[in-house]
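Undergrad: Right, I'll just put the structure down here and ask away after.
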Amino acid sequence: MNDRNDIDSILDSMFRGGVLNVKSPAAKEAEKSLEAVQKAQRDMSQSLQESIERMTREAQADMDELQKRLESDGVVFQTSGNSGSAGDLDAAFETAKNETLTRVLGQEEFVKGLLLAFKRPFVAGSPDHLPLCRAALLGGEGTGRRSAVEAMTASLGRLGVLKTPKTSHIDLAAYSVPGSEKLLIQDLFTALKGGAASFVFVNYQRCHPSVLPLVFSAFTTGSVPLPGRYAEQKGLLIDVGTALAPGAVSELRLGGKYLFLLAGPDPIKLSGAFGSVFMAGLDDVLSTGEFSKESLLEIAKLRLEELKERAGKQLSFTLSYGGPEAEALAAQYSRERGAAAIGGATDGLYKAMSEEKLRRSLGPVQAALRAGDGGLYVEYEGGRISPRSPAEAQSAAELAAVKEELSDITGLESVKEYVLSLEDNFRMQRLRRERGLKAEVPSMHMIFTGNPGTGKTTVARIVARYLKAMGALSGGQLVEVTRADLVGQYVGHTAPLTQKAIQSAMGGVLFIDEAYSLYRGRDDSFGLEAIDALVKGMEDHRDELVVILAGYSREMEEFLTANSGLRSRFPNIIEFPDYTPEELWDITVSIASGMGYRLDESCKRPLIKYYTHQQISGDPRVNGNGRMARNRVEAAVIACSRRNMKAQDADRDLELLLPEDFGLEKAPEPDLWEGM
């Protein structure tokens, strides 16, 4: 009761007549508590705001510190404010132009445009956060785009206009697989640390699509965002996640750099890859032009003088040449390789002279360069030196060996004819490109149909080596897979498996035996996923991979309906016919010879009759073709061993197979062979 009375008295003191008595001690105490809470909230909010501002300043300071360290490595260039007078700048740029023109011949207009690209920020200025220049350099291979950038940068660096003479090349083809973004960022950071003045990005068409946004960002914003928080450790960028690390950064800045993107002659393809925003943000779009005959001759003379000086200094070859030789060298130019073909020819001559000197231990040599039907060669008193490189000689030897192996295969004349036609078509298309004509190498993906044992796998291995020897593929390996290697066991497993198989076959042939097993109907989602991944891989790597599918004719026809893009990607369907009994006899002799045996002539007629009977009465998918011949030889070898072990004759022939070893000592029933 007393507690109740106390509470009532307190309330009475606080509220009189229903109105708060602000003068009461309890009200004053509540008001103080409320004010204390409000003050604590204000202090906490202010402290939080101050912490955010402090962390922002620290992060910015960390990025500025990394940028300063990059600048100390020679990344940032001098600007017009510290490069001397305008007259000095003009003289320096004129010198750089002239020095570049001595290295890049026949591209005067392009070099003049490049000079303006380098000079513009010194005249008009450039925001610190943006590159000094962002340019697309259009043109064919070997037209001097890279050389011009290197020469201009080196000259301006030597003259003190730029702080460094270095050019860094970023080959985007090295980032062709998923997840390559981190590797590009690491390489770009290394290039920044290396102090390059100019960055040249090449082969954008061959990188993985996920890499293109990084290049887009570099050109449009002057920075490359990092996929997390990174810090420099021992010269590398390390992902530190959420850890507290000094110098953590979230982007790489390319402000103050010259950025160049090399592309083909068609600007529409470049715009299709990067979009109109990218194209609109470029400072320059420069194109190299066609070489005149006069400029090609000048390039040839320059390369010959370089060859003459190098051969004399390094090899003690005193080399002479005349006008016909210079003209023959200029004729090496092709639109496919550009002027690089001329330099490649002189490099081949130098390598051939080096090999000759090494093999023959030659002293000082008086030599003359000659032009013949086969191209350029070097003539000296002791002999003649052809420019064929060891690699070319090896390729020719490999090609001859593969053709011989193909010709040794029994039967399959139509298949052989098709395989040999691949070389003719490939070389003709390459010749058309060299002459500036439209050339498209048709798809070399193939489907081999036919029964087991008809040589499909053997021919596939030969095709892989053949394509490498003739220059269509870089590796020449054959990677043989089946459904089990491509189709996963759970959701999300199939695509990585298929991608792994494709990557292992890059530069060679991916051979999928019994390919029809990938498609088991519309409900086979895993198989359809593998087919989709295969089609995409073929499209992404059309110049680096050949896919050969093998299987029965009827089943393969049904398989081609599994994906709308399959049939168009496999225009070459080659039927492997069953072997005739006579061809199976030849195969039997060949297999036995490979095992160290020979067949008695009396084996021929009964074996041919046996093979004929098997093909007439049995299923060729089971009983026919080369596998049947191999099985018969292996069984005969075992029977031969038993027969010789029982024989007492010391002069017994251990290499001879007799009809009885094949179980054919008795002729088949006469009615089976009537009319043969």
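Ordering of the structure tokens sets the chain letters (A, B, ...), residue numbers begin anew at 1 in every chain, and ligands are numbered from 1 in the order given.
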Find the residues near Ile608 (chain A): any atom within 7 Å, counting only C-alpha atoms, skip ones fewer than 3 places away on the same chain, and give them as a PDB file with N, CA and C atoms, in the first residue's frame.
TA:
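The resulting file, part.pdb, is shown below:
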ATOM      1  N   PRO A 581      36.757 -57.774 -99.417  1.00  0.00           N
ATOM      2  CA  PRO A 581      37.545 -58.908 -98.914  1.00  0.00           C
ATOM      3  C   PRO A 581      39.012 -58.835 -99.343  1.00  0.00           C
ATOM      4  N   GLU A 582      39.275 -58.385-100.571  1.00  0.00           N
ATOM      5  CA  GLU A 582      40.663 -58.269-101.024  1.00  0.00           C
ATOM      6  C   GLU A 582      41.419 -57.216-100.214  1.00  0.00           C
ATOM      7  N   TRP A 585      42.356 -58.622 -96.941  1.00  0.00           N
ATOM      8  CA  TRP A 585      43.561 -59.447 -97.066  1.00  0.00           C
ATOM      9  C   TRP A 585      44.810 -58.577 -96.966  1.00  0.00           C
ATOM     10  N   LYS A 604      45.946 -66.842 -98.562  1.00  0.00           N
ATOM     11  CA  LYS A 604      45.209 -65.771 -99.224  1.00  0.00           C
ATOM     12  C   LYS A 604      43.794 -66.187 -99.601  1.00  0.00           C
ATOM     13  N   ARG A 605      43.667 -67.298-100.362  1.00  0.00           N
ATOM     14  CA  ARG A 605      42.344 -67.662-100.868  1.00  0.00           C
ATOM     15  C   ARG A 605      41.371 -67.996 -99.738  1.00  0.00           C
ATOM     16  N   TYR A 611      36.484 -63.749 -95.226  1.00  0.00           N
ATOM     17  CA  TYR A 611      36.016 -62.367 -95.079  1.00  0.00           C
ATOM     18  C   TYR A 611      34.738 -62.134 -95.888  1.00  0.00           C
ATOM     19  N   THR A 612      34.663 -62.741 -97.059  1.00  0.00           N
ATOM     20  CA  THR A 612      33.456 -62.607 -97.880  1.00  0.00           C
ATOM     21  C   THR A 612      32.251 -63.196 -97.164  1.00  0.00           C
TER      22      THR A 612
END
Undergrad: If you run DSSP on the backbone here, which positions in region 388-432 of chain A get alpha helix (DSSP H)? Please write them as a PyMOL selection string.
TA: chain A and resi 390-407+413-432
Undergrad: Would you list the contacts of Asp283 (chain A) as number ranges by chain, taking every protein, DNA or RNA residue within 8 Å and counting only C-alpha atoms, but skipping same-chain residues closer than 6 positions in sequence?
TA: A: 117, 133-135
Undergrad: Which one is closest to Gln503 (chain A): A:Tyr321, A:Gly228, A:Gly537, A:Leu478? Count only C-alpha atoms.
TA: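 Smallest distance to Gln503 (chain A) is found for A:Gly537.
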Undergrad: Which residue, A:Leu252, A:Val415, A:Leu473, A:Leu664, has the smallest gap to Ile573 (chain A) when you use only C-alpha atoms?
TA: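 Ranked by minimum distance to Ile573 (chain A), first place goes to A:Val415.
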Undergrad: Extract the full set of strand (DSSP E or B) residues from region 101-300 of chain A according to DSSP on the backbone, and format it as number ranges by chain.
TA: A: 133-138, 167-171, 198-202, 223-233, 236-239, 249-253, 258-263, 284-287
Undergrad: What's around region 287-301 of chain A at 6 Å? Count only C-alpha atoms, leave out sequence neighbours fewer than 4 positions away in its own chain, and write the answer as a list in words.
TA: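 Using only C-alpha atoms, the neighbours found are Gly106, Phe110, Leu137, Leu138, Gly139, Ala326, Leu329 and Ala330 of chain A.
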Undergrad: Could you name the residues that touch region 539-545 of chain A at 12 Å or less, counting only C-alpha atoms, but leaving out those on the same chain fewer than 5 positions away, as a compact mmCIF listing (two decimals) with all heavy atoms, in the first residue's frame?
TA:
# COMPACT_ATOMS: atom_id res chain seq x y z
N ALA A 173 45.13 -11.30 -77.12
CA ALA A 173 44.91 -12.71 -77.45
C ALA A 173 45.36 -13.63 -76.31
O ALA A 173 44.95 -14.79 -76.25
CB ALA A 173 45.66 -13.07 -78.74
N SER A 176 42.20 -15.17 -73.60
CA SER A 176 41.13 -15.74 -74.43
C SER A 176 40.20 -16.68 -73.68
O SER A 176 39.25 -17.18 -74.27
CB SER A 176 41.75 -16.48 -75.62
OG SER A 176 42.57 -17.54 -75.17
N VAL A 177 40.46 -16.96 -72.42
CA VAL A 177 39.63 -17.91 -71.68
C VAL A 177 38.87 -17.18 -70.58
O VAL A 177 39.26 -16.09 -70.16
CB VAL A 177 40.50 -19.03 -71.06
CG1 VAL A 177 41.20 -19.81 -72.14
CG2 VAL A 177 41.52 -18.47 -70.08
N PRO A 178 37.76 -17.75 -70.12
CA PRO A 178 37.01 -17.10 -69.04
C PRO A 178 37.89 -16.90 -67.81
O PRO A 178 38.73 -17.72 -67.47
CB PRO A 178 35.88 -18.11 -68.76
CG PRO A 178 35.73 -18.89 -70.01
CD PRO A 178 37.11 -18.98 -70.60
N GLN A 205 40.21 -8.83 -81.23
CA GLN A 205 39.25 -9.78 -81.77
C GLN A 205 39.41 -11.17 -81.16
O GLN A 205 38.51 -11.99 -81.24
CB GLN A 205 39.42 -9.90 -83.29
CG GLN A 205 39.42 -8.57 -84.03
CD GLN A 205 40.82 -8.03 -84.25
OE1 GLN A 205 41.72 -8.20 -83.41
NE2 GLN A 205 41.03 -7.39 -85.38
N ARG A 206 40.57 -11.45 -80.56
CA ARG A 206 40.86 -12.80 -80.09
C ARG A 206 40.81 -12.94 -78.58
O ARG A 206 41.16 -13.99 -78.04
CB ARG A 206 42.24 -13.23 -80.62
CG ARG A 206 42.33 -13.27 -82.14
CD ARG A 206 43.74 -13.47 -82.62
NE ARG A 206 44.33 -14.71 -82.13
CZ ARG A 206 45.61 -15.04 -82.25
NH1 ARG A 206 46.42 -14.20 -82.88
NH2 ARG A 206 46.07 -16.17 -81.78
N CYS A 207 40.40 -11.90 -77.86
CA CYS A 207 40.32 -12.01 -76.41
C CYS A 207 38.94 -12.52 -76.00
O CYS A 207 38.00 -12.54 -76.79
CB CYS A 207 40.63 -10.68 -75.73
SG CYS A 207 39.32 -9.43 -75.92
N HIS A 208 38.81 -12.92 -74.74
CA HIS A 208 37.51 -13.35 -74.24
C HIS A 208 36.61 -12.12 -74.10
O HIS A 208 37.07 -11.04 -73.74
CB HIS A 208 37.66 -14.05 -72.88
CG HIS A 208 36.43 -14.76 -72.44
ND1 HIS A 208 35.46 -14.16 -71.67
CD2 HIS A 208 35.99 -16.03 -72.66
CE1 HIS A 208 34.48 -15.02 -71.44
NE2 HIS A 208 34.78 -16.15 -72.03
N PRO A 209 35.31 -12.26 -74.40
CA PRO A 209 34.41 -11.10 -74.32
C PRO A 209 34.45 -10.37 -72.98
O PRO A 209 34.21 -9.16 -72.93
CB PRO A 209 33.03 -11.71 -74.60
CG PRO A 209 33.32 -12.92 -75.42
CD PRO A 209 34.62 -13.46 -74.92
N GLU A 440 38.51 -16.67 -98.07
CA GLU A 440 37.92 -17.22 -96.86
C GLU A 440 38.20 -18.72 -96.83
O GLU A 440 37.74 -19.45 -97.70
CB GLU A 440 36.41 -16.98 -96.83
CG GLU A 440 36.02 -15.53 -96.61
CD GLU A 440 36.33 -15.05 -95.20
OE1 GLU A 440 36.47 -15.90 -94.29
OE2 GLU A 440 36.43 -13.83 -95.01
N VAL A 441 39.01 -19.13 -95.86
CA VAL A 441 39.28 -20.57 -95.74
C VAL A 441 38.00 -21.24 -95.25
O VAL A 441 37.48 -20.90 -94.18
CB VAL A 441 40.42 -20.83 -94.75
CG1 VAL A 441 40.62 -22.33 -94.56
CG2 VAL A 441 41.70 -20.18 -95.25
N PRO A 442 37.42 -22.15 -96.02
CA PRO A 442 36.16 -22.78 -95.61
C PRO A 442 36.36 -23.62 -94.36
O PRO A 442 37.47 -23.99 -93.99
CB PRO A 442 35.80 -23.64 -96.82
CG PRO A 442 37.09 -23.90 -97.52
CD PRO A 442 37.93 -22.67 -97.29
N SER A 443 35.24 -23.91 -93.74
CA SER A 443 35.28 -24.70 -92.52
C SER A 443 35.93 -26.06 -92.77
O SER A 443 35.63 -26.73 -93.76
CB SER A 443 33.86 -24.91 -91.99
OG SER A 443 33.85 -25.85 -90.94
N MET A 444 36.83 -26.45 -91.87
CA MET A 444 37.48 -27.76 -92.00
C MET A 444 36.97 -28.75 -90.95
O MET A 444 37.56 -29.81 -90.75
CB MET A 444 39.00 -27.60 -91.89
CG MET A 444 39.61 -26.94 -93.11
SD MET A 444 41.42 -26.96 -93.14
CE MET A 444 41.77 -25.75 -91.87
N HIS A 445 35.87 -28.39 -90.25
CA HIS A 445 35.24 -29.35 -89.35
C HIS A 445 34.62 -30.48 -90.20
O HIS A 445 34.11 -30.23 -91.29
CB HIS A 445 34.16 -28.67 -88.52
CG HIS A 445 34.68 -27.51 -87.71
ND1 HIS A 445 35.71 -27.63 -86.82
CD2 HIS A 445 34.31 -26.21 -87.68
CE1 HIS A 445 35.95 -26.46 -86.26
NE2 HIS A 445 35.12 -25.58 -86.77
N MET A 446 34.68 -31.69 -89.70
CA MET A 446 34.29 -32.85 -90.52
C MET A 446 33.46 -33.83 -89.71
O MET A 446 33.52 -33.87 -88.48
CB MET A 446 35.54 -33.59 -91.02
CG MET A 446 36.60 -32.71 -91.62
SD MET A 446 38.13 -33.64 -91.95
CE MET A 446 39.30 -32.27 -92.03
N ALA A 464 45.06 -34.53 -88.41
CA ALA A 464 45.59 -33.58 -87.43
C ALA A 464 47.03 -33.22 -87.76
O ALA A 464 47.41 -32.03 -87.77
CB ALA A 464 45.49 -34.17 -86.02
N LEU A 467 47.22 -31.15 -91.16
CA LEU A 467 46.85 -29.74 -91.05
C LEU A 467 47.96 -28.93 -90.39
O LEU A 467 48.18 -27.77 -90.74
CB LEU A 467 45.54 -29.61 -90.26
CG LEU A 467 44.28 -30.18 -90.93
CD1 LEU A 467 43.08 -30.06 -90.01
CD2 LEU A 467 44.00 -29.48 -92.25
N LYS A 468 48.65 -29.54 -89.46
CA LYS A 468 49.78 -28.83 -88.84
C LYS A 468 50.92 -28.66 -89.84
O LYS A 468 51.51 -27.58 -89.96
CB LYS A 468 50.29 -29.57 -87.61
CG LYS A 468 51.54 -28.92 -86.99
CD LYS A 468 52.08 -29.73 -85.83
CE LYS A 468 53.29 -29.03 -85.22
NZ LYS A 468 54.41 -28.88 -86.14
N GLY A 471 50.41 -25.93 -92.23
CA GLY A 471 50.31 -24.60 -91.64
C GLY A 471 48.93 -24.16 -91.26
O GLY A 471 48.74 -23.02 -90.83
N ALA A 472 47.93 -25.04 -91.36
CA ALA A 472 46.56 -24.66 -91.00
C ALA A 472 46.32 -24.71 -89.50
O ALA A 472 45.46 -24.00 -88.98
CB ALA A 472 45.57 -25.58 -91.71
N LEU A 473 47.07 -25.54 -88.78
CA LEU A 473 46.97 -25.65 -87.33
C LEU A 473 48.36 -25.52 -86.72
O LEU A 473 49.36 -25.89 -87.34
CB LEU A 473 46.34 -26.98 -86.93
CG LEU A 473 44.85 -27.17 -87.24
CD1 LEU A 473 44.42 -28.58 -86.87
CD2 LEU A 473 44.01 -26.15 -86.49
N SER A 474 48.40 -25.00 -85.49
CA SER A 474 49.69 -24.77 -84.84
C SER A 474 50.19 -25.96 -84.06
O SER A 474 51.40 -26.14 -83.90
CB SER A 474 49.58 -23.57 -83.90
OG SER A 474 48.58 -23.80 -82.90
N GLY A 475 49.28 -26.81 -83.55
CA GLY A 475 49.70 -27.91 -82.69
C GLY A 475 49.76 -29.25 -83.37
O GLY A 475 50.76 -29.95 -83.34
N GLY A 476 48.63 -29.66 -83.97
CA GLY A 476 48.59 -30.93 -84.68
C GLY A 476 48.26 -32.12 -83.81
O GLY A 476 48.30 -33.26 -84.29
N GLN A 477 47.92 -31.89 -82.54
CA GLN A 477 47.57 -33.02 -81.68
C GLN A 477 46.14 -33.46 -81.91
O GLN A 477 45.30 -32.68 -82.35
CB GLN A 477 47.77 -32.66 -80.20
CG GLN A 477 46.68 -31.78 -79.58
CD GLN A 477 46.86 -30.31 -79.87
OE1 GLN A 477 47.60 -29.93 -80.75
NE2 GLN A 477 46.17 -29.48 -79.10
N LEU A 478 45.86 -34.72 -81.64
CA LEU A 478 44.50 -35.25 -81.72
C LEU A 478 44.05 -35.58 -80.30
O LEU A 478 44.68 -36.37 -79.61
CB LEU A 478 44.43 -36.50 -82.59
CG LEU A 478 43.01 -37.09 -82.70
CD1 LEU A 478 42.28 -36.46 -83.86
CD2 LEU A 478 43.04 -38.60 -82.87
N VAL A 479 42.97 -34.95 -79.86
CA VAL A 479 42.39 -35.23 -78.55
C VAL A 479 41.10 -36.00 -78.77
O VAL A 479 40.14 -35.49 -79.34
CB VAL A 479 42.12 -33.93 -77.77
CG1 VAL A 479 41.45 -34.23 -76.44
CG2 VAL A 479 43.42 -33.17 -77.55
N GLN A 499 34.35 -27.33 -72.14
CA GLN A 499 35.34 -26.28 -72.34
C GLN A 499 36.76 -26.81 -72.10
O GLN A 499 37.70 -26.45 -72.82
CB GLN A 499 35.05 -25.12 -71.38
CG GLN A 499 35.99 -23.93 -71.52
CD GLN A 499 35.85 -23.26 -72.87
OE1 GLN A 499 34.79 -23.24 -73.45
NE2 GLN A 499 36.94 -22.71 -73.38
N ALA A 501 37.81 -29.87 -72.61
CA ALA A 501 38.18 -30.69 -73.78
C ALA A 501 38.57 -29.80 -74.95
O ALA A 501 39.56 -30.08 -75.66
CB ALA A 501 37.02 -31.60 -74.16
N ILE A 502 37.84 -28.71 -75.15
CA ILE A 502 38.15 -27.79 -76.24
C ILE A 502 39.52 -27.16 -76.03
O ILE A 502 40.33 -27.07 -76.96
CB ILE A 502 37.04 -26.71 -76.36
CG1 ILE A 502 35.75 -27.34 -76.87
CG2 ILE A 502 37.48 -25.58 -77.27
CD1 ILE A 502 34.55 -26.40 -76.84
N GLN A 503 39.79 -26.71 -74.82
CA GLN A 503 41.08 -26.08 -74.53
C GLN A 503 42.24 -27.04 -74.74
O GLN A 503 43.31 -26.66 -75.23
CB GLN A 503 41.10 -25.55 -73.09
CG GLN A 503 40.24 -24.32 -72.87
CD GLN A 503 40.69 -23.14 -73.69
OE1 GLN A 503 41.88 -22.92 -73.87
NE2 GLN A 503 39.74 -22.37 -74.19
N SER A 504 42.05 -28.31 -74.38
CA SER A 504 43.13 -29.29 -74.55
C SER A 504 43.42 -29.56 -76.02
O SER A 504 44.52 -29.99 -76.38
CB SER A 504 42.78 -30.60 -73.84
OG SER A 504 41.66 -31.23 -74.46
N ALA A 505 42.43 -29.31 -76.89
CA ALA A 505 42.61 -29.57 -78.32
C ALA A 505 42.98 -28.33 -79.11
O ALA A 505 43.13 -28.40 -80.33
CB ALA A 505 41.32 -30.17 -78.90
N MET A 506 43.13 -27.18 -78.44
CA MET A 506 43.43 -25.94 -79.15
C MET A 506 44.72 -26.09 -79.96
O MET A 506 45.74 -26.55 -79.45
CB MET A 506 43.58 -24.79 -78.16
CG MET A 506 42.26 -24.40 -77.50
SD MET A 506 41.10 -23.68 -78.66
CE MET A 506 41.91 -22.13 -78.94
N GLY A 507 44.66 -25.67 -81.22
CA GLY A 507 45.80 -25.83 -82.11
C GLY A 507 45.83 -27.19 -82.79
O GLY A 507 46.73 -27.45 -83.59
N GLY A 508 44.85 -28.04 -82.49
CA GLY A 508 44.82 -29.38 -83.06
C GLY A 508 43.40 -29.80 -83.41
O GLY A 508 42.57 -28.98 -83.78
N VAL A 509 43.14 -31.10 -83.26
CA VAL A 509 41.85 -31.68 -83.65
C VAL A 509 41.18 -32.29 -82.43
O VAL A 509 41.81 -33.03 -81.67
CB VAL A 509 42.04 -32.75 -84.74
CG1 VAL A 509 40.74 -33.51 -84.99
CG2 VAL A 509 42.53 -32.12 -86.04
N LEU A 510 39.92 -31.96 -82.23
CA LEU A 510 39.09 -32.61 -81.21
C LEU A 510 38.26 -33.68 -81.91
O LEU A 510 37.42 -33.37 -82.76
CB LEU A 510 38.19 -31.59 -80.52
CG LEU A 510 37.28 -32.14 -79.42
CD1 LEU A 510 38.10 -32.64 -78.25
CD2 LEU A 510 36.29 -31.08 -78.95
N PHE A 511 38.51 -34.95 -81.59
CA PHE A 511 37.86 -36.08 -82.25
C PHE A 511 36.86 -36.69 -81.27
O PHE A 511 37.23 -37.17 -80.20
CB PHE A 511 38.90 -37.12 -82.66
CG PHE A 511 38.33 -38.32 -83.36
CD1 PHE A 511 37.88 -38.23 -84.66
CD2 PHE A 511 38.26 -39.55 -82.72
CE1 PHE A 511 37.35 -39.33 -85.31
CE2 PHE A 511 37.75 -40.66 -83.36
CZ PHE A 511 37.29 -40.55 -84.66
N ASP A 532 25.65 -27.48 -77.18
CA ASP A 532 25.65 -26.02 -77.25
C ASP A 532 27.02 -25.46 -76.93
O ASP A 532 27.50 -24.53 -77.60
CB ASP A 532 24.62 -25.45 -76.27
CG ASP A 532 23.19 -25.76 -76.68
OD1 ASP A 532 22.98 -26.10 -77.86
OD2 ASP A 532 22.29 -25.69 -75.82
N ALA A 533 27.68 -26.00 -75.90
CA ALA A 533 29.02 -25.53 -75.54
C ALA A 533 30.03 -25.84 -76.64
O ALA A 533 30.95 -25.05 -76.90
CB ALA A 533 29.46 -26.18 -74.22
N LEU A 534 29.84 -26.99 -77.29
CA LEU A 534 30.74 -27.36 -78.39
C LEU A 534 30.59 -26.39 -79.56
O LEU A 534 31.58 -25.92 -80.13
CB LEU A 534 30.44 -28.79 -78.84
CG LEU A 534 31.25 -29.32 -80.03
CD1 LEU A 534 32.71 -29.44 -79.65
CD2 LEU A 534 30.70 -30.67 -80.48
N GLY A 565 22.63 -25.05 -85.28
CA GLY A 565 23.89 -24.62 -85.86
C GLY A 565 24.85 -25.74 -86.21
O GLY A 565 25.93 -25.49 -86.76
N LEU A 566 24.46 -26.98 -85.93
CA LEU A 566 25.38 -28.10 -86.15
C LEU A 566 25.65 -28.35 -87.62
O LEU A 566 26.80 -28.43 -88.05
CB LEU A 566 24.83 -29.37 -85.50
CG LEU A 566 25.24 -29.65 -84.06
CD1 LEU A 566 24.57 -30.92 -83.55
CD2 LEU A 566 26.75 -29.78 -83.93
N SER A 568 25.37 -26.61 -90.32
CA SER A 568 26.10 -25.58 -91.06
C SER A 568 27.58 -25.56 -90.69
O SER A 568 28.40 -25.08 -91.47
CB SER A 568 25.48 -24.21 -90.81
OG SER A 568 25.59 -23.85 -89.44
N ARG A 569 27.91 -26.03 -89.50
CA ARG A 569 29.30 -26.03 -89.07
C ARG A 569 30.04 -27.30 -89.48
O ARG A 569 31.25 -27.39 -89.28
CB ARG A 569 29.38 -25.82 -87.56
CG ARG A 569 29.08 -24.39 -87.16
CD ARG A 569 28.95 -24.21 -85.67
NE ARG A 569 28.84 -22.81 -85.32
CZ ARG A 569 27.73 -22.08 -85.41
NH1 ARG A 569 26.62 -22.67 -85.85
NH2 ARG A 569 27.70 -20.81 -85.08
N PHE A 570 29.32 -28.27 -89.99
CA PHE A 570 29.95 -29.51 -90.45
C PHE A 570 29.53 -29.78 -91.90
O PHE A 570 28.76 -30.71 -92.18
CB PHE A 570 29.55 -30.69 -89.56
CG PHE A 570 30.15 -30.63 -88.19
CD1 PHE A 570 29.45 -30.07 -87.14
CD2 PHE A 570 31.42 -31.12 -87.96
CE1 PHE A 570 30.00 -30.01 -85.87
CE2 PHE A 570 31.98 -31.06 -86.69
CZ PHE A 570 31.28 -30.50 -85.64
Undergrad: If you measure from CA of Lys609 (chain A) to CA of Leu584 (chain A), what distance in Å do you get, rounded to one decimal?
TA: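 If I compute the distance from CA of Lys609 (chain A) to CA of Leu584 (chain A), I get 10.8 Å.
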Undergrad: Find the residues around Tyr175 (chain A) up to 8 Å (only C-alpha atoms counted), leave out those fewer than 3 positions away in its own chain, and share them as a list in words.
TA: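 So, after excluding close chain neighbours, the residues are Leu172, Ser180, Glu181, Leu183, Leu184, Cys207, His208 and Val211 of chain A.
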Undergrad: Export, as a JSON list (two decimals), in the first residue's frame, the selected residues with N, CA, C and O atoms.
TA:
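selection-v3.json written:
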[["chain", "number", "residue", "atom", "x", "y", "z"],
["A", 172, "LEU", "N", 46.02, -8.83, -76.38],
["A", 172, "LEU", "CA", 44.77, -9.28, -75.79],
["A", 172, "LEU", "C", 44.45, -10.73, -76.13],
["A", 172, "LEU", "O", 43.59, -11.34, -75.50],
["A", 180, "SER", "N", 40.02, -14.36, -67.49],
["A", 180, "SER", "CA", 41.31, -13.74, -67.85],
["A", 180, "SER", "C", 41.44, -12.31, -67.38],
["A", 180, "SER", "O", 42.52, -11.72, -67.51],
["A", 181, "GLU", "N", 40.37, -11.73, -66.84],
["A", 181, "GLU", "CA", 40.41, -10.32, -66.45],
["A", 181, "GLU", "C", 41.50, -10.05, -65.42],
["A", 181, "GLU", "O", 42.23, -9.04, -65.51],
["A", 183, "LEU", "N", 44.27, -11.63, -64.94],
["A", 183, "LEU", "CA", 45.59, -11.73, -65.55],
["A", 183, "LEU", "C", 45.90, -10.46, -66.33],
["A", 183, "LEU", "O", 47.03, -9.95, -66.28],
["A", 184, "LEU", "N", 44.93, -9.92, -67.05],
["A", 184, "LEU", "CA", 45.13, -8.66, -67.77],
["A", 184, "LEU", "C", 45.46, -7.53, -66.80],
["A", 184, "LEU", "O", 46.37, -6.72, -67.05],
["A", 207, "CYS", "N", 40.40, -11.90, -77.86],
["A", 207, "CYS", "CA", 40.32, -12.01, -76.41],
["A", 207, "CYS", "C", 38.94, -12.52, -76.00],
["A", 207, "CYS", "O", 38.00, -12.54, -76.79],
["A", 208, "HIS", "N", 38.81, -12.92, -74.74],
["A", 208, "HIS", "CA", 37.51, -13.35, -74.24],
["A", 208, "HIS", "C", 36.61, -12.12, -74.10],
["A", 208, "HIS", "O", 37.07, -11.04, -73.74],
["A", 211, "VAL", "N", 36.90, -9.51, -71.32],
["A", 211, "VAL", "CA", 38.06, -8.62, -71.24],
["A", 211, "VAL", "C", 37.77, -7.27, -71.89],
["A", 211, "VAL", "O", 38.32, -6.24, -71.49]]
Undergrad: Do you have the CA of Phe448 (chain A)-CA of Ile548 (chain A) distance handy?
TA: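 Between CA of Phe448 (chain A) and CA of Ile548 (chain A) the gap is 7.1 Å.
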Undergrad: Pick out the closest residue to Asp578 (chain A) from this set: A:Thr95, A:Val224, A:Val249, A:Lys456. Count only C-alpha atoms.
TA: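 Looking only at the distances to Asp578 (chain A), the closest residue turns out to be A:Lys456.
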Undergrad: With only C-alpha atoms as the basis for distance, which of A:Pro165, A:Pro213, A:Gly322, A:Gly256 is at the shortest distance from Ser126 (chain A)?
TA: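 With only C-alpha atoms as the atom set, the closest residue is A:Gly256.
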Undergrad: Would you list the contacts of Glu398 (chain A) as a PyMOL selection string, taking every protein, DNA or RNA residue within 9 Å and counting only C-alpha atoms, but skipping same-chain residues closer than 6 positions in sequence?
TA: chain A and resi 465-466+468-470
Undergrad: Distance CA of Glu514 (chain A)-CA of Leu497 (chain A), one decimal place?
TA: 17.4 Å
